[in-house]
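Participant: Supplied structure: structure_22.tsv, TSV, C-alpha atoms.
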chain	number	residue	atom	x	y	z
P	184	MET	CA	8.27	-12.81	-11.95
P	185	GLY	CA	4.79	-13.86	-12.94
P	186	ALA	CA	1.58	-11.90	-12.70
P	187	ILE	CA	0.09	-11.36	-9.26
P	188	LEU	CA	-2.76	-13.80	-8.69
P	189	SER	CA	-6.12	-12.07	-8.73
P	190	GLU	CA	-7.23	-14.13	-5.70
P	191	LEU	CA	-4.30	-12.77	-3.69
P	192	LYS	CA	-3.98	-9.27	-5.11
P	193	THR	CA	-4.67	-6.11	-3.16
P	194	ARG	CA	-4.78	-2.81	-5.02
P	195	VAL	CA	-3.80	0.18	-2.92
P	196	SER	CA	-5.41	3.26	-4.44
P	197	VAL	CA	-4.82	6.78	-3.12
P	198	LYS	CA	-7.00	9.69	-4.10
P	199	THR	CA	-6.39	13.14	-2.68
P	200	ASP	CA	-8.97	15.78	-1.86
P	201	THR	CA	-7.70	19.34	-1.89
P	202	SER	CA	-11.11	21.03	-1.86
P	203	GLN	CA	-10.46	22.57	1.56
P	204	ILE	CA	-7.28	24.16	0.26
P	205	ASP	CA	-9.28	25.54	-2.69
P	206	LYS	CA	-11.87	26.99	-0.30
P	207	THR	CA	-9.12	28.63	1.75
P	208	ILE	CA	-7.44	30.09	-1.35
P	209	ASN	CA	-10.77	31.43	-2.62
P	210	SER	CA	-11.61	33.03	0.73
P	211	LEU	CA	-8.38	35.04	0.93
P	212	ASP	CA	-8.00	38.54	-0.43
P	213	LYS	CA	-5.81	38.02	-3.52
P	214	ASP	CA	-3.83	41.25	-3.02
P	215	ILE	CA	-3.12	41.12	0.70
P	216	PHE	CA	-2.47	37.38	0.96
P	217	ALA	CA	-0.66	36.75	-2.34
P	218	PRO	CA	2.37	35.08	-0.64
P	219	ALA	CA	0.10	32.82	1.43
P	220	ILE	CA	-1.93	31.91	-1.66
P	221	SER	CA	1.26	30.98	-3.49
P	222	ILE	CA	2.32	28.71	-0.60
P	223	LEU	CA	-1.12	27.07	-0.50
P	224	LYS	CA	-1.03	26.45	-4.25
P	225	ASN	CA	2.38	24.77	-3.90
P	226	ILE	CA	1.08	22.61	-1.05
P	227	LYS	CA	-1.97	21.67	-3.14
P	228	SER	CA	0.20	20.74	-6.11
P	229	THR	CA	2.45	18.56	-3.95
P	230	ILE	CA	-0.52	16.81	-2.36
P	231	GLU	CA	-2.14	16.14	-5.74
P	232	ASN	CA	1.00	15.11	-7.65
P	233	ASP	CA	3.53	13.62	-5.21
P	234	VAL	CA	1.58	12.19	-2.29
P	235	PRO	CA	-0.62	9.56	-4.03
P	236	ASP	CA	2.23	7.50	-5.51
P	237	ALA	CA	4.41	7.77	-2.40
P	238	LEU	CA	1.57	6.90	-0.04
P	239	ALA	CA	0.29	3.99	-2.16
P	240	ASP	CA	3.82	2.59	-2.34
P	241	ARG	CA	4.42	2.90	1.42
P	242	VAL	CA	1.10	1.24	2.28
P	243	ALA	CA	1.69	-1.56	-0.25
P	244	GLU	CA	5.18	-2.19	1.13
P	245	ARG	CA	3.74	-2.41	4.66
P	246	ILE	CA	1.07	-4.87	3.45
P	247	ARG	CA	3.82	-6.92	1.83
P	248	SER	CA	5.76	-6.90	5.07
P	249	TYR	CA	2.71	-8.09	7.01
P	250	GLN	CA	2.04	-10.82	4.44
P	251	GLU	CA	5.62	-12.02	4.77
P	252	GLN	CA	5.30	-12.04	8.57
P	253	PHE	CA	2.09	-14.08	8.41
P	254	ILE	CA	3.70	-16.53	6.01
P	255	TRP	CA	6.70	-17.03	8.29
P	256	MET	CA	4.51	-17.44	11.38
P	257	ASN	CA	1.91	-19.73	9.83
P	258	GLY	CA	3.72	-21.42	6.99
P	259	THR	CA	2.93	-25.08	6.59
P	260	VAL	CA	5.06	-25.51	3.47
P	261	ASP	CA	8.46	-24.15	2.45
P	262	THR	CA	8.07	-20.53	3.52
P	263	THR	CA	11.40	-19.47	2.02
P	264	GLN	CA	10.03	-20.20	-1.44
P	265	MET	CA	6.71	-18.52	-0.60
P	266	VAL	CA	8.11	-15.22	0.65
P	267	SER	CA	10.00	-14.77	-2.61
P	268	THR	CA	6.66	-14.72	-4.49
P	269	ILE	CA	5.27	-11.54	-2.81
P	270	PHE	CA	5.62	-8.46	-5.02
P	271	VAL	CA	4.66	-4.79	-5.08
P	272	GLU	CA	3.98	-3.36	-8.54
P	273	PRO	CA	2.79	0.13	-9.53
P	274	SER	CA	-0.35	-0.16	-11.66
P	275	ALA	CA	-1.39	3.47	-12.33
P	276	GLN	CA	-1.05	6.99	-10.91
P	277	GLY	CA	-1.62	6.61	-7.17
P	278	GLU	CA	-2.20	2.84	-7.42
P	279	VAL	CA	0.01	-0.06	-6.44
P	280	ASP	CA	-0.75	-3.79	-6.46
P	281	VAL	CA	0.63	-6.08	-3.79
P	282	GLY	CA	0.27	-9.83	-3.71
P	283	ALA	CA	1.67	-13.19	-4.62
P	284	THR	CA	2.52	-14.62	-8.00
P	285	ALA	CA	1.31	-18.05	-9.05
P	286	LEU	CA	4.49	-20.04	-8.92
P	287	SER	CA	7.79	-20.01	-7.13
P	288	GLU	CA	11.12	-20.78	-8.76
P	289	ASP	CA	10.58	-24.50	-8.25
P	290	GLY	CA	7.11	-24.39	-9.88
P	291	PHE	CA	5.02	-25.13	-6.79
P	292	PRO	CA	1.98	-22.84	-6.17
P	293	TYR	CA	2.95	-21.87	-2.61
P	294	PRO	CA	0.67	-18.80	-2.39
P	295	ILE	CA	-2.51	-20.72	-3.18
P	296	VAL	CA	-1.56	-23.63	-0.92
P	297	ILE	CA	-0.78	-21.38	2.06
P	298	GLU	CA	-3.77	-19.09	1.54
P	299	LEU	CA	-6.42	-21.67	0.63
P	300	GLY	CA	-4.93	-25.01	1.66
P	301	SER	CA	-4.71	-28.25	-0.27
P	302	VAL	CA	-5.23	-31.96	0.27
P	303	LYS	CA	-1.95	-32.17	2.15
P	304	TYR	CA	-1.79	-28.73	3.85
P	305	GLU	CA	-4.25	-26.78	5.95
P	306	GLY	CA	-4.81	-23.25	4.67
P	307	LYS	CA	-3.18	-20.46	6.69
P	308	PRO	CA	-4.52	-17.21	5.20
P	309	PHE	CA	-2.08	-14.32	4.93
P	310	ALA	CA	-3.78	-11.85	2.57
P	311	GLU	CA	-6.80	-10.83	4.66
P	312	PRO	CA	-4.95	-10.71	8.01
P	313	SER	CA	-2.38	-8.36	6.46
P	314	LEU	CA	-5.21	-6.00	5.49
P	315	ASN	CA	-6.61	-6.10	9.02
P	316	TYR	CA	-3.19	-5.13	10.42
P	317	ILE	CA	-2.58	-2.31	7.94
P	318	GLN	CA	-5.73	-0.51	9.10
P	319	LYS	CA	-4.01	0.62	12.30
P	320	ASP	CA	-1.05	2.01	10.34
P	321	ILE	CA	-2.72	3.94	7.52
P	322	GLN	CA	-3.20	7.29	9.25
P	323	LYS	CA	0.32	7.31	10.65
P	324	ILE	CA	1.83	6.38	7.28
P	325	GLY	CA	-0.31	9.04	5.60
P	326	TRP	CA	0.93	11.81	7.89
P	327	GLU	CA	4.54	10.64	7.53
P	328	VAL	CA	4.32	10.74	3.73
P	329	VAL	CA	2.60	14.14	3.65
P	330	ARG	CA	5.16	15.63	6.06
P	331	SER	CA	8.05	14.22	4.08
P	332	LYS	CA	6.68	15.59	0.80
P	333	LEU	CA	5.91	19.04	2.21
P	334	GLY	CA	9.30	19.31	3.91
Render the structure in this file as structure tokens.

Facilitator:
Amino acid sequence: MGAILSELKTRVSVKTDTSQIDKTINSLDKDIFAPAISILKNIKSTIENDVPDALADRVAERIRSYQEQFIWMNGTVDTTQMVSTIFVEPSAQGEVDVGATALSEDGFPYPIVIELGSVKYEGKPFAEPSLNYIQKDIQKIGWEVVRSKLG
């Protein structure tokens, strides 16, 4: 596998905000609500440590799926070769890159040709449309990941 092309790379980055949990913890009487505070601290820890990677990965996989669908629907060149060039790679805590690599196994730059076009082929963009489609899924995916991590 080659490096994901910068022109076709999307970085999914998840940052969590647990400030409301902190406000709730700070507003509770430490003696009376000690069990509740402990539960809230566990929830906060899970949200900060487990959710970003899982959510970034799920969103990136969905983007990849949409890119593959657009390639199959709009492909003007050998789409079998093209689909095999879409990858999802973790890049940092809570960050995942999704996109196409420069060359397929046979050495032809399918991603660039399909996305931008060439002398012989009309461009059929797949990167931007996949981002438009993912917008409708993000909240649902987010709640699914949070629920799965919190049990």

Participant: Report the distance between CA of Lys192 in chain P and CA of Ile317 in chain P in Å, rounded to one decimal place.

Facilitator: 14.9 Å

Participant: In Å to one decimal, how far is CA of Ser313 in chain P from CA of Glu251 in chain P?

Facilitator: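 The value is 9.0 Å.
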
Participant: Write out as a PyMOL selection string each polymer residue whose atoms come within 12 Å of Lys319 in chain P, counting all atoms listed in the file; drop sequence neighbours fewer than 5 positions from it.

Facilitator: chain P and resi 242+245-246+313-314+324-325

Participant: For the selection just defined, write its residues with C-alpha atoms to a file, as a short mmCIF file (atom, residue, chain, number, x, y, z; two decimals), in the frame of the given file.

Facilitator:
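Contents of the output file out.cif:
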data_model
loop_
_atom_site.label_atom_id
_atom_site.label_comp_id
_atom_site.auth_asym_id
_atom_site.auth_seq_id
_atom_site.Cartn_x
_atom_site.Cartn_y
_atom_site.Cartn_z
CA VAL P 242 1.10 1.24 2.28
CA ARG P 245 3.74 -2.41 4.66
CA ILE P 246 1.07 -4.87 3.45
CA SER P 313 -2.38 -8.36 6.46
CA LEU P 314 -5.21 -6.00 5.49
CA ILE P 324 1.83 6.38 7.28
CA GLY P 325 -0.31 9.04 5.60
#

Participant: What does the distance between CA of Gly282 in chain P and CA of Tyr304 in chain P come to in Å, to one decimal place?

Facilitator: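 Value for the CA of Gly282 in chain P-CA of Tyr304 in chain P distance: 20.5 Å.
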
Participant: Taking all atoms listed in the file into account, name the residue in P:Ser331, P:Asn225, P:Gln252, P:Asn232 that is nearest to Gly277 in chain P.

Facilitator: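 Ranking P:Ser331, P:Asn225, P:Gln252, P:Asn232 by distance to Gly277 in chain P, first place goes to P:Asn232.
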
Participant: My list of candidates is P:Ile230, P:Leu238, P:Ile222, P:Ile254. Which is closest to Lys323 in chain P when distances are computed with all atoms listed in the file?

Facilitator: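 When distances to Lys323 in chain P are compared using all atoms listed in the file, the smallest one comes from P:Leu238.
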
Participant: Can you tell me which residues surround Ser228 in chain P at a distance of at most 12 Å, considering all atoms listed in the file, apart from same-chain residues fewer than 2 positions away, and format the answer as a ChimeraX atom specification?

Facilitator: /P:199-201,204-205,221-226,230-235,332-333
